[in-house]
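Okay, structure-v1.cif now, which holds mmCIF, C-alpha atoms and all ligand atoms:
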```cif
data_work
loop_
_atom_site.label_atom_id
_atom_site.label_comp_id
_atom_site.auth_asym_id
_atom_site.auth_seq_id
_atom_site.Cartn_x
_atom_site.Cartn_y
_atom_site.Cartn_z
CA MET U 1014 11.36 12.24 -12.69
CA GLU U 1015 12.12 8.60 -13.41
CA ASN U 1016 9.68 6.09 -11.95
CA ILE U 1017 10.84 2.92 -10.26
CA LEU U 1018 7.34 1.46 -10.72
CA SER U 1019 4.68 2.61 -13.14
CA ILE U 1020 1.28 0.91 -13.08
CA LYS U 1021 -0.99 1.68 -16.03
CA ASP U 1022 -4.70 0.91 -16.43
CA LEU U 1023 -4.64 -2.13 -14.18
CA VAL U 1024 -7.82 -4.23 -14.17
CA VAL U 1025 -8.17 -7.17 -11.76
CA SER U 1026 -11.15 -9.47 -11.32
CA PHE U 1027 -12.16 -12.49 -9.25
CA ALA U 1028 -14.17 -15.56 -10.12
CA SER U 1029 -16.58 -16.98 -7.60
CA ASP U 1030 -18.15 -20.43 -7.37
CA GLY U 1031 -21.20 -20.97 -9.49
CA ARG U 1032 -21.03 -17.61 -11.31
CA LYS U 1033 -20.09 -16.90 -14.89
CA ASP U 1034 -19.37 -13.19 -14.47
CA ARG U 1035 -16.30 -12.02 -12.60
CA ALA U 1036 -16.19 -9.40 -9.85
CA VAL U 1037 -13.93 -6.50 -10.84
CA ALA U 1038 -11.92 -5.35 -7.80
CA VAL U 1039 -9.52 -2.95 -9.52
CA ASN U 1040 -10.91 -0.98 -12.44
CA GLY U 1041 -8.27 0.74 -14.55
CA LEU U 1042 -5.84 1.99 -11.93
CA SER U 1043 -2.70 3.94 -12.84
CA LEU U 1044 -0.04 4.83 -10.28
CA ASP U 1045 3.60 5.97 -10.49
CA ILE U 1046 6.29 5.66 -7.85
CA PRO U 1047 9.20 8.03 -8.46
CA ARG U 1048 12.65 6.62 -7.71
CA GLY U 1049 13.52 7.35 -4.09
CA GLY U 1050 10.01 8.64 -3.34
CA THR U 1051 7.30 7.50 -0.96
CA VAL U 1052 3.83 7.11 -2.39
CA GLY U 1053 0.76 6.49 -0.27
CA LEU U 1054 -2.24 4.45 -1.40
CA VAL U 1055 -5.18 5.17 0.87
CA GLY U 1056 -8.83 4.29 1.11
CA GLU U 1057 -11.24 2.44 3.35
CA SER U 1058 -11.09 -1.30 3.77
CA GLY U 1059 -12.27 -3.15 0.65
CA CYS U 1060 -11.30 -0.44 -1.88
CA GLY U 1061 -8.79 -2.65 -3.69
CA LYS U 1062 -5.48 -1.52 -2.19
CA SER U 1063 -4.17 -4.99 -1.35
CA VAL U 1064 -5.43 -6.50 -4.59
CA THR U 1065 -3.47 -3.81 -6.46
CA SER U 1066 -0.18 -4.62 -4.74
CA LEU U 1067 -0.70 -8.38 -4.82
CA SER U 1068 -1.37 -8.32 -8.57
CA VAL U 1069 1.78 -6.37 -9.22
CA MET U 1070 3.77 -8.89 -7.18
CA GLY U 1071 2.19 -11.94 -8.80
CA LEU U 1072 0.65 -13.01 -5.49
CA LEU U 1073 -3.06 -12.86 -6.32
CA ALA U 1074 -5.31 -15.59 -4.94
CA GLU U 1075 -6.10 -18.54 -7.22
CA ASN U 1076 -9.46 -17.10 -8.28
CA GLY U 1077 -7.96 -13.71 -9.17
CA ARG U 1078 -6.80 -12.60 -12.60
CA VAL U 1079 -5.15 -9.53 -14.10
CA ASP U 1080 -7.38 -8.66 -17.06
CA ALA U 1081 -5.49 -5.67 -18.39
CA GLY U 1082 -2.75 -3.19 -17.69
CA GLU U 1083 0.98 -3.10 -17.15
CA ALA U 1084 3.35 -2.59 -14.25
CA ARG U 1085 6.78 -1.42 -15.38
CA PHE U 1086 9.61 -1.98 -12.94
CA ALA U 1087 13.11 -1.16 -14.14
CA GLY U 1088 12.09 -1.60 -17.77
CA GLN U 1089 10.20 -4.91 -17.42
CA ASP U 1090 6.46 -5.47 -17.19
CA LEU U 1091 5.96 -7.36 -13.91
CA LEU U 1092 2.55 -8.56 -15.09
CA LYS U 1093 4.16 -10.50 -17.95
CA LEU U 1094 7.14 -11.86 -16.04
CA PRO U 1095 7.34 -15.65 -15.50
CA ASP U 1096 6.81 -16.74 -11.85
CA ARG U 1097 10.44 -17.72 -11.40
CA GLU U 1098 11.69 -14.27 -12.43
CA LEU U 1099 9.12 -12.54 -10.28
CA ARG U 1100 10.10 -14.62 -7.25
CA LYS U 1101 13.72 -13.58 -7.79
CA LEU U 1102 12.74 -9.89 -7.84
CA ARG U 1103 10.57 -10.30 -4.73
CA GLY U 1104 13.39 -11.70 -2.65
CA ASN U 1105 15.84 -9.20 -3.93
CA ARG U 1106 15.02 -5.85 -5.53
CA ILE U 1107 11.49 -5.64 -4.13
CA SER U 1108 10.67 -6.22 -0.45
CA MET U 1109 7.21 -6.53 0.99
CA ILE U 1110 5.86 -6.17 4.49
CA PHE U 1111 2.29 -6.99 5.42
CA GLN U 1112 -0.04 -6.31 8.31
CA GLU U 1113 0.63 -9.72 9.84
CA PRO U 1114 4.34 -10.48 9.66
CA MET U 1115 3.69 -14.10 10.70
CA THR U 1116 2.66 -14.72 7.09
CA SER U 1117 6.01 -13.55 5.72
CA LEU U 1118 8.26 -15.15 8.34
CA ASN U 1119 8.91 -18.87 8.29
CA PRO U 1120 7.47 -20.26 11.58
CA VAL U 1121 9.89 -23.22 11.79
CA LEU U 1122 13.12 -21.23 11.46
CA THR U 1123 14.61 -18.87 14.03
CA VAL U 1124 14.55 -15.20 13.10
CA GLY U 1125 18.36 -15.20 13.25
CA ARG U 1126 18.58 -17.98 10.68
CA GLN U 1127 16.14 -16.20 8.36
CA LEU U 1128 18.00 -12.93 8.65
CA THR U 1129 21.37 -14.61 8.15
CA GLU U 1130 20.12 -16.34 5.01
CA ALA U 1131 18.77 -13.09 3.62
CA ILE U 1132 22.10 -11.39 4.29
CA ARG U 1133 24.14 -14.18 2.71
CA GLN U 1134 21.94 -14.15 -0.38
CA HIS U 1135 22.73 -10.49 -0.87
CA SER U 1136 26.40 -10.38 0.02
CA ASP U 1137 29.45 -12.61 0.02
CA MET U 1138 29.72 -12.68 3.81
CA ASP U 1139 30.63 -15.94 5.50
CA LYS U 1140 28.39 -17.42 8.21
CA ALA U 1141 30.07 -15.70 11.15
CA ALA U 1142 30.08 -12.29 9.51
CA ALA U 1143 26.44 -12.69 8.45
CA LYS U 1144 25.48 -13.61 12.01
CA ALA U 1145 27.23 -10.53 13.38
CA ARG U 1146 25.48 -8.40 10.76
CA ALA U 1147 22.11 -9.99 11.62
CA ILE U 1148 22.52 -9.14 15.30
CA GLU U 1149 23.56 -5.62 14.34
CA LEU U 1150 20.40 -5.31 12.22
CA LEU U 1151 18.22 -6.58 15.06
CA GLU U 1152 19.78 -3.96 17.33
CA HIS U 1153 19.31 -1.33 14.67
CA VAL U 1154 15.57 -2.02 14.40
CA GLY U 1155 15.28 -1.75 18.17
CA ILE U 1156 15.02 -5.39 19.27
CA PRO U 1157 16.21 -5.56 22.90
CA GLU U 1158 18.73 -8.30 23.74
CA ALA U 1159 19.32 -8.87 20.07
CA ALA U 1160 21.84 -11.67 20.55
CA THR U 1161 19.28 -13.70 22.52
CA ARG U 1162 16.38 -12.83 20.21
CA PHE U 1163 18.52 -14.05 17.32
CA GLY U 1164 17.76 -17.61 18.49
CA ASN U 1165 13.98 -17.06 18.88
CA TYR U 1166 11.27 -18.42 16.63
CA PRO U 1167 8.79 -15.89 15.21
CA HIS U 1168 6.00 -16.96 17.61
CA GLN U 1169 8.23 -16.08 20.57
CA LEU U 1170 8.24 -12.41 19.53
CA SER U 1171 5.52 -9.79 19.91
CA GLY U 1172 3.74 -8.49 16.79
CA GLY U 1173 5.72 -5.26 16.89
CA MET U 1174 9.02 -7.15 17.17
CA ARG U 1175 8.09 -9.41 14.27
CA GLN U 1176 7.34 -6.38 12.15
CA ARG U 1177 10.70 -4.90 13.11
CA VAL U 1178 12.39 -8.16 12.13
CA MET U 1179 10.69 -7.87 8.74
CA ILE U 1180 12.09 -4.38 8.34
CA GLY U 1181 15.49 -5.76 9.35
CA MET U 1182 15.10 -8.32 6.56
CA ALA U 1183 14.25 -5.55 4.13
CA MET U 1184 17.37 -3.67 5.26
CA ALA U 1185 19.49 -6.77 4.68
CA MET U 1186 18.22 -6.87 1.12
CA THR U 1187 18.60 -3.13 0.40
CA PRO U 1188 15.73 -3.30 -2.08
CA ASP U 1189 14.93 -0.71 -4.77
CA LEU U 1190 11.28 -0.82 -3.76
CA LEU U 1191 9.50 -1.58 -0.51
CA ILE U 1192 5.78 -2.34 -0.65
CA ALA U 1193 4.26 -2.01 2.81
CA ASP U 1194 0.61 -3.06 3.14
CA GLU U 1195 -0.87 -1.75 6.42
CA PRO U 1196 2.41 -2.57 8.21
CA THR U 1197 1.42 -0.79 11.42
CA THR U 1198 -2.33 -1.37 11.52
CA ALA U 1199 -2.08 -4.17 14.10
CA LEU U 1200 0.36 -2.26 16.32
CA ASP U 1201 0.25 0.27 19.17
CA VAL U 1202 0.68 3.90 18.21
CA SER U 1203 4.11 4.15 19.87
CA ILE U 1204 5.37 1.10 17.99
CA GLU U 1205 3.81 2.44 14.81
CA ALA U 1206 5.96 5.56 15.14
CA GLN U 1207 9.10 3.42 15.51
CA ILE U 1208 8.26 1.38 12.43
CA LEU U 1209 7.64 4.51 10.34
CA ARG U 1210 10.97 5.91 11.53
CA LEU U 1211 12.72 2.72 10.48
CA MET U 1212 11.13 2.85 7.06
CA LYS U 1213 12.37 6.41 6.61
CA ASP U 1214 15.78 5.29 7.77
CA LEU U 1215 15.80 2.46 5.20
CA GLN U 1216 14.92 5.00 2.54
CA ARG U 1217 17.60 7.46 3.59
CA ARG U 1218 20.34 4.84 3.70
CA HIS U 1219 19.55 2.95 0.53
CA GLY U 1220 17.40 5.29 -1.55
CA THR U 1221 14.61 2.70 -1.39
CA SER U 1222 11.32 3.81 -2.95
CA ILE U 1223 8.25 3.03 -0.87
CA LEU U 1224 4.64 2.22 -1.65
CA MET U 1225 2.79 2.71 1.62
CA ILE U 1226 -0.66 1.15 1.66
CA THR U 1227 -2.79 2.31 4.55
CA HIS U 1228 -6.29 3.35 5.55
CA ASN U 1229 -4.70 5.85 7.93
CA LEU U 1230 -4.18 9.41 6.65
CA GLY U 1231 -2.07 10.17 9.72
CA VAL U 1232 0.49 7.63 8.50
CA VAL U 1233 0.36 9.24 5.05
CA ALA U 1234 1.10 12.68 6.50
CA GLU U 1235 4.03 11.24 8.40
CA LEU U 1236 5.70 9.38 5.57
CA CYS U 1237 4.52 10.14 2.04
CA ASP U 1238 5.44 12.63 -0.67
CA GLU U 1239 2.55 11.76 -2.95
CA VAL U 1240 -0.82 10.20 -2.32
CA TYR U 1241 -3.36 8.24 -4.33
CA VAL U 1242 -6.81 7.98 -2.82
CA MET U 1243 -8.63 4.87 -3.93
CA TYR U 1244 -12.36 4.24 -3.81
CA ALA U 1245 -14.25 1.17 -5.06
CA GLY U 1246 -11.39 -0.05 -7.25
CA GLU U 1247 -10.50 3.32 -8.77
CA VAL U 1248 -8.27 6.30 -8.06
CA VAL U 1249 -10.50 9.23 -7.08
CA GLU U 1250 -7.76 11.70 -6.21
CA ARG U 1251 -4.02 12.07 -6.55
CA ALA U 1252 -1.94 14.90 -5.15
CA ASP U 1253 1.31 15.70 -3.42
CA VAL U 1254 0.93 15.39 0.32
CA PHE U 1255 0.88 19.15 0.97
CA THR U 1256 -1.85 19.81 -1.58
CA LEU U 1257 -3.85 16.89 -0.26
CA PHE U 1258 -3.84 18.13 3.32
CA ARG U 1259 -4.30 21.78 2.42
CA ASP U 1260 -6.80 21.53 -0.40
CA CYS U 1261 -8.15 18.07 -1.09
CA ALA U 1262 -10.79 18.14 -3.78
CA HIS U 1263 -12.79 14.92 -3.76
CA PRO U 1264 -15.73 14.63 -1.34
CA TYR U 1265 -14.48 11.14 -0.42
CA THR U 1266 -11.03 12.46 0.52
CA ARG U 1267 -12.70 15.24 2.49
CA GLY U 1268 -14.69 12.62 4.35
CA LEU U 1269 -11.51 10.70 5.16
CA MET U 1270 -9.87 13.91 6.40
CA ALA U 1271 -12.86 14.71 8.57
CA SER U 1272 -12.64 11.25 10.13
CA LEU U 1273 -9.05 11.88 11.26
CA PRO U 1274 -9.17 11.90 15.08
CA ARG U 1275 -6.61 14.66 15.62
CA MET U 1276 -8.51 17.07 13.41
CA THR U 1277 -11.57 16.85 15.62
CA PRO U 1278 -11.95 19.31 18.51
CA LYS U 1279 -11.92 17.65 21.91
CA GLY U 1280 -15.18 16.09 22.93
CA GLN U 1281 -16.72 16.25 19.49
CA ARG U 1282 -17.85 12.97 17.98
CA LEU U 1283 -15.68 11.59 15.19
CA TYR U 1284 -17.07 12.12 11.73
CA ASN U 1285 -17.95 9.02 9.74
CA ILE U 1286 -18.65 8.91 6.02
CA ARG U 1287 -22.21 7.62 5.84
CA GLY U 1288 -22.89 4.25 4.20
CA THR U 1289 -20.35 1.66 3.08
CA VAL U 1290 -18.12 0.76 0.14
CA PRO U 1291 -20.33 -0.67 -2.65
CA ASN U 1292 -20.44 -4.36 -3.41
CA LEU U 1293 -18.20 -5.33 -6.35
CA ARG U 1294 -21.17 -6.83 -8.16
CA ALA U 1295 -23.46 -3.85 -7.58
CA MET U 1296 -21.39 -0.83 -8.57
CA PRO U 1297 -23.34 2.43 -8.98
CA ALA U 1298 -23.81 3.38 -12.64
CA GLY U 1299 -22.56 6.96 -12.24
CA CYS U 1300 -19.96 8.15 -9.77
CA ARG U 1301 -19.14 5.22 -7.51
CA PHE U 1302 -19.14 7.51 -4.48
CA ALA U 1303 -22.43 9.24 -5.32
CA PRO U 1304 -24.65 7.09 -3.04
CA ARG U 1305 -22.57 8.25 -0.04
CA CYS U 1306 -21.87 11.80 -1.20
CA GLU U 1307 -23.64 14.72 0.44
CA LEU U 1308 -23.07 16.86 -2.66
CA ALA U 1309 -24.23 14.39 -5.30
CA SER U 1310 -26.51 15.73 -8.04
CA GLU U 1311 -28.61 13.88 -10.59
CA ARG U 1312 -25.73 13.94 -13.02
CA CYS U 1313 -23.44 12.27 -10.43
CA HIS U 1314 -25.86 9.35 -10.16
CA ALA U 1315 -26.28 9.00 -13.93
CA GLU U 1316 -22.88 9.71 -15.40
CA LYS U 1317 -19.42 8.54 -14.50
CA PRO U 1318 -16.78 11.24 -13.92
CA GLY U 1319 -13.27 10.81 -15.32
CA LEU U 1320 -10.04 11.85 -13.61
CA ILE U 1321 -9.52 15.57 -14.22
CA ASP U 1322 -6.24 17.41 -13.73
CA LEU U 1323 -6.92 20.39 -11.48
CA GLY U 1324 -3.41 21.65 -12.20
CA GLY U 1325 0.11 20.47 -11.45
CA GLY U 1326 -0.83 16.80 -11.50
CA HIS U 1327 -3.53 17.17 -8.85
CA LEU U 1328 -6.09 14.66 -10.18
CA CYS U 1329 -9.71 14.41 -9.05
CA ARG U 1330 -12.61 12.23 -10.20
CA CYS U 1331 -15.54 14.54 -9.47
CA PHE U 1332 -17.88 16.63 -11.64
CA LEU U 1333 -18.15 19.36 -9.02
CA ARG U 1334 -14.45 20.13 -8.79
CA GLY U 1335 -13.90 19.43 -12.47
CA GLU U 1336 -16.35 22.12 -13.48
CA ALA U 1337 -15.04 24.61 -10.98
CA ALA U 1338 -11.53 24.05 -12.37
CA ASN U 1339 -12.67 24.46 -15.96
CA HIS U 1340 -14.39 27.77 -15.21
CA GLU U 1341 -11.44 29.30 -13.46
N1 LIG R 1401 -9.67 -13.89 -3.45
C1 LIG R 1401 -10.71 -13.05 -3.58
N2 LIG R 1401 -11.89 -13.47 -4.09
C2 LIG R 1401 -12.94 -12.63 -4.26
N3 LIG R 1401 -12.91 -11.32 -3.93
C3 LIG R 1401 -11.76 -10.84 -3.41
C4 LIG R 1401 -10.61 -11.67 -3.20
N4 LIG R 1401 -9.63 -10.90 -2.66
C5 LIG R 1401 -10.15 -9.66 -2.54
N5 LIG R 1401 -11.41 -9.62 -2.98
C6 LIG R 1401 -12.31 -8.44 -3.03
O1 LIG R 1401 -11.66 -7.38 -3.68
C7 LIG R 1401 -12.02 -6.13 -3.09
C8 LIG R 1401 -10.79 -5.36 -2.70
O2 LIG R 1401 -10.13 -6.03 -1.65
P1 LIG R 1401 -8.75 -5.53 -1.01
O3 LIG R 1401 -7.81 -5.17 -2.09
O4 LIG R 1401 -8.32 -6.58 -0.05
O5 LIG R 1401 -9.20 -4.22 -0.23
P2 LIG R 1401 -8.30 -3.28 0.71
O6 LIG R 1401 -6.92 -3.83 0.73
O7 LIG R 1401 -8.40 -1.92 0.11
O8 LIG R 1401 -8.96 -3.34 2.05
C9 LIG R 1401 -12.92 -6.48 -1.90
O9 LIG R 1401 -14.26 -6.32 -2.31
C10 LIG R 1401 -12.60 -7.92 -1.64
O10 LIG R 1401 -13.70 -8.59 -1.08
MG MG R 1402 -5.82 -4.55 2.38
#
```
Step by step, read the file and then write its structure as structure tokens.
Ligand SMILES: Nc1ncnc2c1ncn2[C@@H]1O[C@H](COP(=O)(O)OP(=O)(O)O)[C@@H](O)[C@H]1O
Ligand SMILES: [Mg+2]
Amino acid sequence: MENILSIKDLVVSFASDGRKDRAVAVNGLSLDIPRGGTVGLVGESGCGKSVTSLSVMGLLAENGRVDAGEARFAGQDLLKLPDRELRKLRGNRISMIFQEPMTSLNPVLTVGRQLTEAIRQHSDMDKAAAKARAIELLEHVGIPEAATRFGNYPHQLSGGMRQRVMIGMAMAMTPDLLIADEPTTALDVSIEAQILRLMKDLQRRHGTSILMITHNLGVVAELCDEVYVMYAGEVVERADVFTLFRDCAHPYTRGLMASLPRMTPKGQRLYNIRGTVPNLRAMPAGCRFAPRCELASERCHAEKPGLIDLGGGHLCRCFLRGEAANHE
């Protein structure tokens, strides 16, 4: 199937004061988003999910740098695009929503004004028509008393309402691709469900492809067709969502699954993967997950596993599963 976005061998590093060497946060990541599909990127905090999306969008922090790779979007490599061109794409064919919508909304303009401007940029509506459409969009994303809220500033809305406004903005733009980075992490579960529904709705109406970045496998199950599991700057597993939930292969993914609250019998303590994500400047020499892995052997500590295809595009970076697959 055709991909709307295809990231290949992305390497991203950061400089820090007083050090010559750079810290590598993303280490050769490849990821494809099929047109009209929803792809999940999951992993614990600090695995490099946000750095991946920010690099693709040209929004890396000052001290960050893309060292290698490409990110093809509609035939162009986003990593080589001049800032001006990238900004045009961002406000137009690619929409982004982040955990804290305050950072994407302009605090000194009313939400109505921001919505109206987005609508007018993407249509030939006059002011009155754009205002009517903006109120309609606010209603559509479930903002009560939309006509009144139209005149509110972002700080006058709750976090959940701000996020819904951001989705309204995305709907006004009818983008080809929506990149959502932990869009529901700061919200109540009931509001999370509404936001996920709205994202699906956006996809159904406009065929928008979605990259859903989250540490929450429950959200992945709800929304995604395909999933990439990221650990310490690398993809450790990739599978379609059914395969992942039925038969995940990597011990890290298994650990994430076991930490899912709803999979734990009542009263039992939640499972936690022991240890923490390694420091960028002290990566294990072998498998990056080995120090936390209950199955790790000597080889795992000494040698680095590559991504192996277990069949049908189910990829896994683990010696144990790789060997099992080869012997079948
Ligand atoms: N501006 C920066 N300078 C130095 N290190 C950074 C910077 N931004 C992110 N990092 C590091 O890159 C790694 C990946 O971060 P991030 O992509 O934000 O993780 P995630 O989104 O998966 O939680 C982390 O170790 C983080 O500390
Ligand atoms: Mg993040």
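Between ligand LIG 1401 (chain R) and the residues U:His1327, U:Lys1317, U:Arg1259, U:Arg1032, the shortest atom-to-atom distance, using all atoms listed in the file, involves U:Arg1032.
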List all protein, DNA and RNA residues that have at least one atom no more than 8 Å from any atom of ligand MG 1402 (chain R), counting all atoms listed in the file, and write them as a VMD selection string. chain U and resid 1058 to 1059 1061 to 1064 1194 to 1195 1226 to 1227
Grab me every residue within 8 Å of ligand LIG 1401 (chain R), counting all atoms listed in the file, and send it over as a ChimeraX atom specification. /U:1026-1029,1036-1039,1055-1065,1073-1077,1194,1228,1243,1245-1246,1292-1293
Skip stretch 1079-1087 of chain U itself and residues of its chain fewer than 2 positions away, then list as a ChimeraX atom specification all residues within 6 Å of it, counting all atoms listed in the file. /U:1017-1025,1089-1091
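Closest approach to U:Ile1180 among U:His1314, U:Arg1162, U:Met1212, U:Glu1152 is made by U:Met1212 (distances from all atoms listed in the file).
The residue set within 12 Å of stretch 1200-1205 of chain U, counting all atoms listed in the file and dropping same-chain residues fewer than 5 places from it, reads U:Gln1112, U:Glu1113, U:Pro1114, U:Val1154, U:Gly1155, U:Ile1156, U:Ser1171, U:Gly1172, U:Gly1173, U:Met1174, U:Arg1175, U:Gln1176, U:Arg1177, U:Glu1195, U:Arg1210, U:Leu1211, U:Met1212, U:Asn1229, U:Gly1231, U:Val1232, U:Glu1235, U:Leu1236.
Minimum distance to U:Arg1217 across U:Asn1105, U:Val1121, U:Arg1097, U:Thr1051 (counting all atoms listed in the file) occurs at U:Thr1051.
Distances to U:Asp1253 were evaluated for U:Ile1148, U:Leu1328, U:Met1182, U:Leu1102 using only C-alpha atoms, and the minimum falls at U:Leu1328.
Candidate residues U:Gly1164, U:Gly1104, U:Gly1324, U:Pro1274 were compared for distance to U:Thr1123, and the nearest is U:Gly1164, using all atoms listed in the file.
Between atom CA of U:Thr1256 and atom CA of U:Leu1273 the separation is 16.7 Å.
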Name the residues in contact with U:Leu1099 at a cut-off of 10 Å, using only C-alpha atoms, excluding same-chain residues fewer than 6 positions from it; report them as a PDB file with C-alpha atoms, in the frame of the given file.
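As a result, selection-v6.pdb now contains:
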```pdb
ATOM      1  CA  VAL U1069       1.780  -6.370  -9.220  1.00  0.00           C
ATOM      2  CA  MET U1070       3.770  -8.890  -7.180  1.00  0.00           C
ATOM      3  CA  GLY U1071       2.190 -11.940  -8.800  1.00  0.00           C
ATOM      4  CA  LEU U1072       0.650 -13.010  -5.490  1.00  0.00           C
ATOM      5  CA  LEU U1091       5.960  -7.360 -13.910  1.00  0.00           C
ATOM      6  CA  LEU U1092       2.550  -8.560 -15.090  1.00  0.00           C
ATOM      7  CA  LYS U1093       4.160 -10.500 -17.950  1.00  0.00           C
ATOM      8  CA  ASN U1105      15.840  -9.200  -3.930  1.00  0.00           C
ATOM      9  CA  ILE U1107      11.490  -5.640  -4.130  1.00  0.00           C
TER      10      ILE U1107
END
```
Near-U:Pro1047 list (10 Å; only C-alpha atoms; drop same-chain fewer than 3 positions) as a count of residues only: 14
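Using all atoms listed in the file, the nearest neighbour of U:Pro1318 within the list U:His1135, U:Arg1100, U:His1263, U:Arg1305 is U:His1263.
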